[in-house]
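Peer 1: The structure file protein-v4.csv (CSV, C-alpha atoms) is provided below.
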chain,number,residue,atom,x,y,z
E,1,MET,CA,178.1,107.4,240.7
E,2,VAL,CA,176.4,104.1,241.5
E,3,ALA,CA,175.9,101.7,238.5
E,4,LEU,CA,172.4,100.3,238.5
E,5,GLN,CA,171.4,96.8,237.7
E,6,ARG,CA,170.0,96.1,234.3
E,7,PRO,CA,166.2,95.9,235.3
E,8,LEU,CA,166.4,99.4,236.6
E,9,LEU,CA,168.4,100.9,233.7
E,10,SER,CA,165.2,100.7,231.6
E,11,LEU,CA,163.1,102.3,234.4
E,12,CYS,CA,162.8,105.6,232.5
E,13,LEU,CA,161.4,103.8,229.5
E,14,VAL,CA,159.0,101.7,231.5
E,15,ILE,CA,157.7,104.8,233.3
E,16,SER,CA,156.9,107.0,230.4
E,17,THR,CA,153.9,109.2,230.9
E,18,PRO,CA,153.2,112.7,229.7
E,19,PHE,CA,153.4,113.8,233.3
E,20,LEU,CA,157.1,113.1,233.5
E,21,THR,CA,157.9,115.2,230.5
E,22,ALA,CA,155.7,118.2,231.3
E,23,LEU,CA,157.4,121.4,232.3
E,24,ARG,CA,155.9,121.8,235.8
E,25,PRO,CA,157.4,122.1,239.3
E,26,PRO,CA,158.1,118.7,240.8
E,27,PRO,CA,155.6,117.4,243.3
E,28,ILE,CA,156.2,117.4,247.0
E,29,ARG,CA,158.6,114.5,247.4
E,30,HIS,CA,158.0,113.6,251.0
E,31,ARG,CA,154.3,113.0,251.2
E,32,ALA,CA,151.7,110.9,249.3
E,33,PRO,CA,149.5,112.5,246.6
E,34,SER,CA,146.2,113.9,247.7
E,35,THR,CA,144.1,112.5,244.8
E,36,LEU,CA,143.8,109.0,243.3
E,37,SER,CA,144.1,110.3,239.8
E,38,GLY,CA,147.6,111.5,240.5
E,39,ALA,CA,148.8,108.4,242.3
E,40,LEU,CA,150.4,106.7,239.4
E,41,GLU,CA,152.0,109.8,238.0
E,42,ASP,CA,153.4,110.9,241.4
E,43,GLY,CA,154.6,107.4,242.1
E,44,ASP,CA,156.4,107.3,238.8
E,45,TYR,CA,158.1,110.6,239.5
E,46,LEU,CA,159.1,109.6,243.0
E,47,LEU,CA,160.5,106.4,241.7
E,48,GLN,CA,162.6,108.1,239.1
E,49,GLU,CA,163.9,110.5,241.8
E,50,ALA,CA,164.8,107.5,243.9
E,51,VAL,CA,166.9,106.2,240.9
E,52,LYS,CA,168.7,109.5,240.7
E,53,ALA,CA,169.3,109.6,244.4
E,54,LEU,CA,170.8,106.1,244.2
E,55,GLN,CA,173.0,107.0,241.3
E,56,ASP,CA,174.2,110.0,243.4
E,57,THR,CA,174.9,107.7,246.4
E,58,SER,CA,172.2,109.4,248.4
E,59,PHE,CA,171.1,106.0,249.7
E,60,GLN,CA,168.9,107.1,252.6
E,61,GLU,CA,167.0,109.6,250.4
E,62,ALA,CA,166.6,106.9,247.8
E,63,ARG,CA,165.0,104.6,250.4
E,64,ASP,CA,162.7,107.3,251.6
E,65,LEU,CA,161.6,108.1,248.0
E,66,VAL,CA,160.9,104.4,247.3
E,67,ASP,CA,158.7,104.2,250.4
E,68,LEU,CA,156.7,107.3,249.2
E,69,ALA,CA,156.4,105.8,245.7
E,70,ARG,CA,155.0,102.6,247.2
E,71,GLN,CA,152.4,104.7,249.1
E,72,CYS,CA,151.4,106.2,245.8
E,73,TYR,CA,151.1,102.9,244.0
E,74,ALA,CA,149.1,101.4,246.9
E,75,GLU,CA,146.3,103.9,246.1
E,76,ILE,CA,145.9,102.5,242.5
E,77,GLU,CA,142.7,100.4,242.6
E,78,ASP,CA,141.6,100.3,239.0
E,79,ASP,CA,144.7,98.8,237.4
E,80,ALA,CA,146.0,95.8,239.4
E,81,ALA,CA,148.6,94.8,236.7
E,82,ARG,CA,150.2,98.2,236.6
E,83,ARG,CA,150.2,98.4,240.4
E,84,ALA,CA,152.0,95.1,240.6
E,85,GLU,CA,154.5,96.1,237.9
E,86,ARG,CA,155.4,99.3,239.8
E,87,GLU,CA,155.6,97.4,243.1
E,88,ALA,CA,158.0,95.0,241.6
E,89,LEU,CA,160.2,97.9,240.4
E,90,CYS,CA,160.0,99.3,243.9
E,91,GLY,CA,161.2,96.0,245.3
E,92,GLU,CA,164.2,95.8,242.9
E,93,LEU,CA,165.2,99.3,243.7
E,94,GLN,CA,164.8,98.8,247.4
E,95,THR,CA,167.0,95.7,247.2
E,96,GLN,CA,169.8,97.7,245.6
E,97,VAL,CA,169.4,100.6,248.1
E,98,ASN,CA,169.5,98.2,251.1
E,99,ALA,CA,172.7,96.5,249.7
E,100,TYR,CA,174.5,99.8,249.3
E,101,LEU,CA,173.4,101.0,252.7
E,102,ALA,CA,174.7,97.8,254.2
E,103,LYS,CA,178.1,98.2,252.4
E,104,THR,CA,178.3,101.8,253.6
E,105,ARG,CA,177.6,100.9,257.2
E,106,ALA,CA,180.1,98.1,257.1
E,107,ALA,CA,182.8,100.4,255.7
E,108,ARG,CA,182.0,103.0,258.3
E,109,ALA,CA,182.2,100.4,261.1
E,110,GLU,CA,185.5,99.1,259.8
E,111,SER,CA,186.9,102.6,259.6
E,112,LEU,CA,185.9,103.3,263.2
E,113,ALA,CA,187.3,100.0,264.3
E,114,ALA,CA,190.6,100.7,262.6
E,115,LEU,CA,190.7,104.1,264.2
E,116,ASP,CA,190.1,102.6,267.6
E,117,ARG,CA,192.9,100.1,266.9
E,118,ARG,CA,195.3,102.8,266.0
E,119,LYS,CA,194.4,104.8,269.1
E,120,ALA,CA,194.9,101.7,271.3
E,121,ALA,CA,198.1,100.6,269.8
E,122,PRO,CA,201.3,101.3,271.7
E,123,THR,CA,203.6,103.9,270.2
E,124,ASP,CA,207.0,103.0,271.7
E,125,THR,CA,207.5,99.3,271.4
E,126,ALA,CA,210.7,97.6,270.6
E,127,GLY,CA,209.6,97.4,267.0
E,128,ASP,CA,209.0,101.2,266.9
E,129,ARG,CA,212.5,101.9,268.3
E,130,ILE,CA,214.0,99.6,265.6
E,131,LEU,CA,212.0,101.3,263.0
E,132,ARG,CA,213.2,104.7,264.0
E,133,LYS,CA,216.8,103.4,263.8
E,134,ALA,CA,216.1,102.1,260.3
E,135,VAL,CA,214.9,105.5,259.3
E,136,ALA,CA,218.1,107.0,260.6
E,137,ASP,CA,220.1,104.4,258.7
E,138,LEU,CA,218.3,105.4,255.5
E,139,ALA,CA,219.1,109.1,256.1
E,140,SER,CA,222.8,108.2,256.4
E,141,GLN,CA,222.5,106.1,253.2
E,142,ASP,CA,223.3,102.8,255.0
E,143,TYR,CA,220.8,100.9,252.9
E,144,ALA,CA,221.8,97.4,254.0
E,145,ALA,CA,221.3,98.4,257.7
E,146,ALA,CA,218.0,100.2,257.0
E,147,ARG,CA,216.7,97.1,255.2
E,148,ALA,CA,217.8,94.8,258.0
E,149,GLY,CA,216.1,97.2,260.4
E,150,VAL,CA,212.8,96.9,258.6
E,151,ASP,CA,212.9,93.1,258.8
E,152,ALA,CA,213.9,93.3,262.5
E,153,ALA,CA,211.1,95.7,263.2
E,154,ARG,CA,208.5,93.5,261.5
E,155,ALA,CA,209.7,90.5,263.5
E,156,ALA,CA,209.5,92.6,266.8
E,157,PHE,CA,206.0,93.8,266.0
E,158,ALA,CA,204.9,90.2,265.3
E,159,ALA,CA,206.5,89.0,268.5
E,160,ASP,CA,204.8,91.7,270.6
E,161,GLY,CA,201.4,91.3,268.8
E,162,VAL,CA,201.5,94.9,267.6
E,163,ARG,CA,199.3,95.6,264.6
E,164,GLY,CA,198.8,98.6,262.3
E,165,ARG,CA,202.5,99.0,261.4
E,166,GLU,CA,202.5,97.1,258.1
E,167,THR,CA,201.8,100.2,256.0
E,168,ALA,CA,204.7,102.1,257.6
E,169,LEU,CA,207.0,99.1,257.1
E,170,GLY,CA,206.1,98.7,253.5
E,171,ASN,CA,206.5,102.4,252.8
E,172,LEU,CA,209.9,102.5,254.4
E,173,TYR,CA,211.0,99.4,252.6
E,174,ALA,CA,209.9,100.9,249.3
E,175,SER,CA,211.8,104.2,250.1
E,176,ILE,CA,215.0,102.2,250.9
E,177,ASN,CA,214.8,100.5,247.5
E,178,ALA,CA,214.1,103.8,245.7
E,179,GLU,CA,216.9,105.7,247.4
E,180,GLU,CA,219.4,102.9,246.8
E,181,GLU,CA,218.5,102.7,243.1
E,182,ARG,CA,218.8,106.5,242.9
E,183,ALA,CA,222.2,106.5,244.6
E,184,THR,CA,223.3,103.6,242.3
E,185,ARG,CA,222.3,105.6,239.2
E,186,ALA,CA,224.1,108.7,240.5
E,187,GLU,CA,227.3,106.7,241.1
E,188,ILE,CA,227.1,105.2,237.6
E,189,ARG,CA,226.7,108.7,236.2
E,190,ARG,CA,229.7,109.9,238.2
E,191,GLU,CA,231.8,107.1,237.0
E,192,GLN,CA,230.8,107.7,233.4
E,193,ASP,CA,231.6,111.4,233.7
E,194,LYS,CA,235.0,110.6,235.2
E,195,ALA,CA,235.8,108.2,232.4
E,196,GLU,CA,234.7,110.7,229.8
E,197,ALA,CA,236.8,113.4,231.4
E,198,GLU,CA,239.9,111.1,231.5
E,199,GLU,CA,239.4,110.1,227.9
E,200,GLU,CA,239.1,113.8,226.9
E,201,ALA,CA,242.3,114.5,228.8
E,202,ARG,CA,244.1,111.7,227.0
E,203,ARG,CA,242.8,112.9,223.7
E,204,ARG,CA,244.0,116.4,224.3
E,205,GLY,CA,247.4,115.1,225.4
E,206,ARG,CA,247.8,113.1,222.2
E,207,GLN,CA,246.7,116.1,220.2
E,208,LEU,CA,249.3,118.3,222.0
E,209,VAL,CA,252.1,115.8,221.4
E,210,ALA,CA,251.2,115.6,217.7
E,211,GLU,CA,251.2,119.3,217.4
E,212,GLN,CA,254.6,119.6,219.1
E,213,LYS,CA,256.1,116.9,216.8
E,214,MET,CA,254.7,118.7,213.8
E,215,ALA,CA,256.1,122.1,215.0
E,216,ALA,CA,259.5,120.5,215.6
E,217,ALA,CA,259.6,119.0,212.2
E,218,PHE,CA,258.8,122.2,210.4
E,219,GLY,CA,261.1,124.2,212.6
E,220,GLY,CA,264.1,121.9,212.0
E,221,GLY,CA,263.7,122.1,208.2
E,222,GLY,CA,263.7,125.9,208.2
E,223,ALA,CA,266.9,126.2,210.2
E,224,GLY,CA,268.8,123.9,207.8
E,225,ASP,CA,267.8,126.0,204.8
E,226,ALA,CA,268.9,129.2,206.5
E,227,ALA,CA,272.4,127.9,207.4
E,228,GLY,CA,273.0,126.5,203.9
E,229,ASP,CA,274.9,123.4,202.8
E,230,PRO,CA,278.7,123.4,203.6
E,231,ASP,CA,279.5,121.6,200.3
E,232,ASP,CA,277.8,124.3,198.3
E,233,GLU,CA,280.0,127.0,199.9
E,234,GLU,CA,283.2,125.1,199.1
E,235,GLU,CA,282.3,124.8,195.5
E,236,GLU,CA,281.7,128.5,195.2
E,237,ASP,CA,285.2,129.2,196.7
E,238,ASP,CA,286.8,127.1,194.1
Starting from the coordinates I provided, produce the structure as C-alpha coordinates.

Peer 2:
Amino acid sequence: MVALQRPLLSLCLVISTPFLTALRPPPIRHRAPSTLSGALEDGDYLLQEAVKALQDTSFQEARDLVDLARQCYAEIEDDAARRAEREALCGELQTQVNAYLAKTRAARAESLAALDRRKAAPTDTAGDRILRKAVADLASQDYAAARAGVDAARAAFAADGVRGRETALGNLYASINAEEERATRAEIRREQDKAEAEEEARRRGRQLVAEQKMAAAFGGGGAGDAAGDPDDEEEEDD
(Lines of atoms letter the chains of each structure in order from A and count residues from 1; the text may use other names and numbers.)
(Lines give C-alpha, C1' and ligand atoms only; values in the text may rest on other atoms or scores of the structure.)
Protein backbone atom coordinates (compact mmCIF):
# COMPACT_ATOMS: atom_id res chain seq x y z
CA MET A 1 0.00 0.00 0.00
CA VAL A 2 1.31 3.47 -0.94
CA ALA A 3 1.92 5.94 1.91
CA LEU A 4 0.33 9.30 1.14
CA GLN A 5 1.93 12.63 1.85
CA ARG A 6 0.60 14.56 4.86
CA PRO A 7 -1.65 17.07 2.97
CA LEU A 8 -3.60 14.18 1.48
CA LEU A 9 -3.91 12.20 4.72
CA SER A 10 -6.54 14.70 5.89
CA LEU A 11 -8.43 14.58 2.63
CA CYS A 12 -11.27 12.55 4.11
CA LEU A 13 -11.69 15.22 6.80
CA VAL A 14 -11.55 18.11 4.38
CA ILE A 15 -14.10 16.47 2.11
CA SER A 16 -16.84 15.74 4.63
CA THR A 17 -20.32 16.11 3.16
CA PRO A 18 -23.49 14.16 3.93
CA PHE A 19 -23.21 12.77 0.43
CA LEU A 20 -20.07 10.80 1.32
CA THR A 21 -21.68 9.05 4.28
CA ALA A 22 -25.07 8.34 2.74
CA LEU A 23 -25.80 4.72 1.94
CA ARG A 24 -26.32 4.93 -1.79
CA PRO A 25 -24.71 3.27 -4.81
CA PRO A 26 -21.54 5.07 -5.93
CA PRO A 27 -21.85 7.42 -8.89
CA ILE A 28 -20.58 6.50 -12.30
CA ARG A 29 -16.86 7.00 -11.88
CA HIS A 30 -15.83 7.61 -15.45
CA ARG A 31 -18.03 10.49 -16.51
CA ALA A 32 -18.77 13.98 -15.22
CA PRO A 33 -22.02 14.65 -13.30
CA SER A 34 -25.06 15.71 -15.24
CA THR A 35 -26.22 18.47 -12.87
CA LEU A 36 -24.43 21.44 -11.35
CA SER A 37 -25.88 20.71 -7.91
CA GLY A 38 -24.06 17.38 -7.79
CA ALA A 39 -20.73 18.69 -9.08
CA LEU A 40 -19.11 19.24 -5.68
CA GLU A 41 -20.40 16.02 -4.16
CA ASP A 42 -19.48 13.87 -7.13
CA GLY A 43 -16.06 15.53 -7.36
CA ASP A 44 -15.43 14.82 -3.68
CA TYR A 45 -16.42 11.20 -4.12
CA LEU A 46 -14.20 10.79 -7.17
CA LEU A 47 -11.28 12.39 -5.38
CA GLN A 48 -11.64 10.03 -2.43
CA GLU A 49 -11.77 7.09 -4.82
CA ALA A 50 -8.58 8.41 -6.43
CA VAL A 51 -6.89 8.40 -3.01
CA LYS A 52 -7.96 4.78 -2.48
CA ALA A 53 -6.69 3.81 -5.92
CA LEU A 54 -3.35 5.44 -5.17
CA GLN A 55 -3.08 3.57 -1.86
CA ASP A 56 -3.83 0.33 -3.75
CA THR A 57 -1.07 1.20 -6.28
CA SER A 58 -3.63 1.50 -9.08
CA PHE A 59 -1.84 4.57 -10.39
CA GLN A 60 -3.47 4.82 -13.82
CA GLU A 61 -6.95 4.54 -12.31
CA ALA A 62 -6.03 7.16 -9.73
CA ARG A 63 -4.97 9.56 -12.47
CA ASP A 64 -8.19 9.01 -14.41
CA LEU A 65 -10.27 9.64 -11.27
CA VAL A 66 -8.39 12.86 -10.53
CA ASP A 67 -9.13 14.06 -14.07
CA LEU A 68 -12.84 13.32 -13.59
CA ALA A 69 -12.85 15.06 -10.23
CA ARG A 70 -11.31 18.12 -11.87
CA GLN A 71 -14.10 18.12 -14.45
CA CYS A 72 -16.66 18.09 -11.63
CA TYR A 73 -15.01 20.94 -9.74
CA ALA A 74 -14.74 22.99 -12.93
CA GLU A 75 -18.55 23.15 -13.02
CA ILE A 76 -18.72 24.86 -9.61
CA GLU A 77 -19.48 28.52 -10.36
CA ASP A 78 -21.05 29.82 -7.15
CA ASP A 79 -18.19 29.06 -4.73
CA ALA A 80 -14.80 30.07 -6.13
CA ALA A 81 -12.95 29.51 -2.84
CA ARG A 82 -14.15 25.93 -2.52
CA ARG A 83 -13.42 25.26 -6.17
CA ALA A 84 -9.87 26.55 -5.73
CA GLU A 85 -9.40 24.43 -2.60
CA ARG A 86 -10.52 21.29 -4.41
CA GLU A 87 -8.36 22.06 -7.44
CA ALA A 88 -5.35 22.42 -5.13
CA LEU A 89 -6.09 18.99 -3.65
CA CYS A 90 -6.37 17.57 -7.14
CA GLY A 91 -3.00 19.08 -7.99
CA GLU A 92 -1.32 17.55 -4.90
CA LEU A 93 -2.79 14.15 -5.63
CA GLN A 94 -1.88 14.37 -9.31
CA THR A 95 1.74 15.14 -8.36
CA GLN A 96 1.96 11.99 -6.26
CA VAL A 97 0.30 9.88 -8.93
CA ASN A 98 2.70 11.15 -11.59
CA ALA A 99 5.70 10.46 -9.34
CA TYR A 100 4.62 6.87 -8.70
CA LEU A 101 3.85 6.35 -12.37
CA ALA A 102 7.32 7.60 -13.28
CA LYS A 103 8.93 5.23 -10.75
CA THR A 104 6.88 2.32 -12.03
CA ARG A 105 7.82 2.99 -15.63
CA ALA A 106 11.48 3.41 -14.73
CA ALA A 107 11.50 0.12 -12.81
CA ARG A 108 9.80 -1.66 -15.68
CA ALA A 109 12.26 -0.22 -18.17
CA GLU A 110 15.20 -1.29 -16.00
CA SER A 111 13.78 -4.81 -15.68
CA LEU A 112 13.39 -5.10 -19.43
CA ALA A 113 16.89 -3.76 -19.98
CA ALA A 114 18.32 -6.26 -17.49
CA LEU A 115 16.47 -9.07 -19.25
CA ASP A 116 17.88 -7.95 -22.58
CA ARG A 117 21.38 -7.87 -21.10
CA ARG A 118 21.00 -11.40 -19.77
CA LYS A 119 19.76 -12.64 -23.12
CA ALA A 120 22.63 -10.96 -24.95
CA ALA A 121 25.32 -12.08 -22.52
CA PRO A 122 27.49 -15.01 -23.66
CA THR A 123 26.97 -18.23 -21.74
CA ASP A 124 30.27 -20.07 -22.35
CA THR A 125 33.05 -17.64 -21.67
CA ALA A 126 36.33 -18.44 -19.96
CA GLY A 127 34.85 -17.16 -16.72
CA ASP A 128 31.86 -19.50 -17.07
CA ARG A 129 34.16 -22.48 -17.50
CA ILE A 130 36.17 -21.47 -14.44
CA LEU A 131 32.96 -21.01 -12.51
CA ARG A 132 31.75 -24.51 -13.39
CA LYS A 133 35.09 -25.89 -12.22
CA ALA A 134 34.68 -24.00 -8.93
CA VAL A 135 31.25 -25.60 -8.46
CA ALA A 136 32.82 -29.04 -9.02
CA ASP A 137 35.55 -28.23 -6.47
CA LEU A 138 32.87 -27.28 -3.95
CA ALA A 139 31.07 -30.57 -4.56
CA SER A 140 34.32 -32.45 -3.84
CA GLN A 141 34.83 -30.33 -0.68
CA ASP A 142 38.00 -28.71 -1.99
CA TYR A 143 37.07 -25.35 -0.52
CA ALA A 144 40.36 -23.60 -1.16
CA ALA A 145 40.25 -24.49 -4.86
CA ALA A 146 36.60 -23.49 -5.10
CA ARG A 147 37.27 -20.11 -3.51
CA ALA A 148 40.24 -19.51 -5.79
CA GLY A 149 38.03 -20.47 -8.73
CA VAL A 150 35.48 -17.81 -7.82
CA ASP A 151 38.19 -15.16 -7.72
CA ALA A 152 39.61 -16.37 -11.03
CA ALA A 153 36.16 -16.38 -12.64
CA ARG A 154 35.49 -12.84 -11.45
CA ALA A 155 38.77 -11.68 -12.95
CA ALA A 156 38.00 -13.48 -16.24
CA PHE A 157 34.54 -11.88 -16.47
CA ALA A 158 36.05 -8.46 -15.85
CA ALA A 159 38.75 -9.02 -18.47
CA ASP A 160 36.20 -10.15 -21.07
CA GLY A 161 33.70 -7.43 -20.21
CA VAL A 162 31.04 -9.96 -19.26
CA ARG A 163 28.30 -8.59 -16.98
CA GLY A 164 25.46 -10.13 -15.06
CA ARG A 165 27.53 -12.76 -13.23
CA GLU A 166 28.10 -10.99 -9.92
CA THR A 167 25.03 -12.50 -8.28
CA ALA A 168 26.09 -16.03 -9.21
CA LEU A 169 29.63 -15.36 -8.00
CA GLY A 170 28.41 -13.95 -4.70
CA ASN A 171 26.02 -16.86 -4.13
CA LEU A 172 28.74 -19.43 -4.86
CA TYR A 173 31.22 -17.68 -2.56
CA ALA A 174 28.64 -17.66 0.24
CA SER A 175 27.93 -21.35 -0.35
CA ILE A 176 31.64 -22.16 -0.12
CA ASN A 177 31.93 -20.38 3.20
CA ALA A 178 28.79 -22.02 4.58
CA GLU A 179 29.83 -25.52 3.49
CA GLU A 180 33.34 -25.07 4.87
CA GLU A 181 31.97 -23.89 8.21
CA ARG A 182 29.57 -26.82 8.30
CA ALA A 183 32.38 -29.28 7.51
CA THR A 184 34.57 -27.69 10.20
CA ARG A 185 31.83 -28.02 12.79
CA ALA A 186 31.26 -31.65 11.78
CA GLU A 187 34.99 -32.40 12.12
CA ILE A 188 35.06 -30.78 15.55
CA ARG A 189 32.10 -32.90 16.61
CA ARG A 190 33.82 -36.04 15.34
CA GLU A 191 36.98 -35.20 17.28
CA GLN A 192 34.98 -34.53 20.40
CA ASP A 193 33.09 -37.81 20.05
CA LYS A 194 36.37 -39.67 19.51
CA ALA A 195 37.96 -38.08 22.59
CA GLU A 196 34.91 -38.86 24.69
CA ALA A 197 34.91 -42.48 23.49
CA GLU A 198 38.62 -42.85 24.30
CA GLU A 199 38.12 -41.34 27.75
CA GLU A 200 35.21 -43.68 28.38
CA ALA A 201 37.37 -46.66 27.34
CA ARG A 202 40.15 -45.56 29.70
CA ARG A 203 37.66 -45.10 32.53
CA ARG A 204 36.26 -48.58 32.00
CA GLY A 205 39.79 -49.99 31.86
CA ARG A 206 40.70 -48.40 35.20
CA GLN A 207 37.47 -49.62 36.69
CA LEU A 208 38.13 -53.18 35.46
CA VAL A 209 41.67 -53.15 36.88
CA ALA A 210 40.37 -51.93 40.22
CA GLU A 211 37.72 -54.62 40.28
CA GLN A 212 40.31 -57.31 39.48
CA LYS A 213 42.62 -56.10 42.28
CA MET A 214 39.76 -56.10 44.73
CA ALA A 215 38.72 -59.63 43.70
CA ALA A 216 42.31 -60.85 44.04
CA ALA A 217 42.64 -59.30 47.47
CA PHE A 218 39.49 -60.92 48.79
CA GLY A 219 40.28 -64.23 47.11
CA GLY A 220 43.81 -64.48 48.67
CA GLY A 221 42.51 -63.87 52.20
CA GLY A 222 39.92 -66.60 51.90
CA ALA A 223 42.42 -69.25 50.78
CA GLY A 224 44.75 -68.55 53.70
CA ASP A 225 41.96 -69.01 56.26
CA ALA A 226 40.88 -72.30 54.71
CA ALA A 227 44.43 -73.77 54.78
CA GLY A 228 44.99 -72.75 58.38
CA ASP A 229 48.15 -71.62 60.16
CA PRO A 230 50.98 -74.28 60.35
CA ASP A 231 52.05 -73.06 63.81
CA ASP A 232 48.59 -73.68 65.20
CA GLU A 233 48.66 -77.30 63.99
CA GLU A 234 52.03 -77.96 65.69
CA GLU A 235 50.70 -76.63 69.00
CA GLU A 236 47.72 -78.95 68.83
CA ASP A 237 50.03 -81.99 68.25
CA ASP A 238 51.98 -81.16 71.36

Peer 1: Select from region 82-180 of chain E every residue with an atom at most 12 Å from any atom of region 36-45 of chain E, then for each give the shortest pair of atoms and their distance in Å to one decimal, using only C-alpha atoms, rows by chain and rising number, as a tab-separated table.

Peer 2:
residue	atom	partner	partner_atom	distance
E:Arg82	CA	E:Leu40	CA	9.0
E:Arg83	CA	E:Leu40	CA	8.4
E:Ala84	CA	E:Leu40	CA	11.8
E:Glu85	CA	E:Asp44	CA	11.4
E:Arg86	CA	E:Asp44	CA	8.1
E:Glu87	CA	E:Gly43	CA	10.1
E:Leu89	CA	E:Asp44	CA	10.3
E:Cys90	CA	E:Gly43	CA	9.9

Peer 1: Given the point (163.5, 108.8, 250.0) in the file's coordinates, find the residues that have an atom at most 10 Å from it, counting only C-alpha atoms, and give them as a ChimeraX atom specification.

Peer 2: /E:29-30,46-47,49-50,53-54,58-69

Peer 1: Please indicate the distance in Å from CA of Ala158 (chain E) to CA of Gly127 (chain E), rounded to one decimal place.

Peer 2: 8.8 Å

Peer 1: Can you measure CA of Ala159 (chain E) to CA of Val135 (chain E) for me? One decimal in Å is fine.

Peer 2: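 Computed distance, CA of Ala159 (chain E) to CA of Val135 (chain E), equals 20.7 Å.
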
Peer 1: Taking into account only C-alpha atoms, which residue in the set E:Leu131, E:Ala155, E:Gly205, E:Asp79 is nearest to Leu169 (chain E)?

Peer 2: E:Leu131

Peer 1: Distance CA of Ala126 (chain E)-CA of Gly164 (chain E), one decimal place?

Peer 2: 14.5 Å

Peer 1: Considering only C-alpha atoms, return as number ranges by chain whatever protein or nucleic-acid residues lie within 9 Å of Asp137 (chain E), sequence-local ones (same chain, fewer than 5 positions apart) excluded.

Peer 2: E: 132, 142-147, 149

Peer 1: Can you work out which one of E:Ala156, E:Ala80, E:Leu138, E:Leu208 has the shortest atom-to-atom distance to Ala183 (chain E), counting all atoms listed in the file?

Peer 2: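 Closest candidate: E:Leu138.
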
Peer 1: For Gly161 (chain E), which residue out of E:Thr125, E:Ala134, E:Glu199, E:Thr184 is the nearest one, using all atoms listed in the file?

Peer 2: E:Thr125
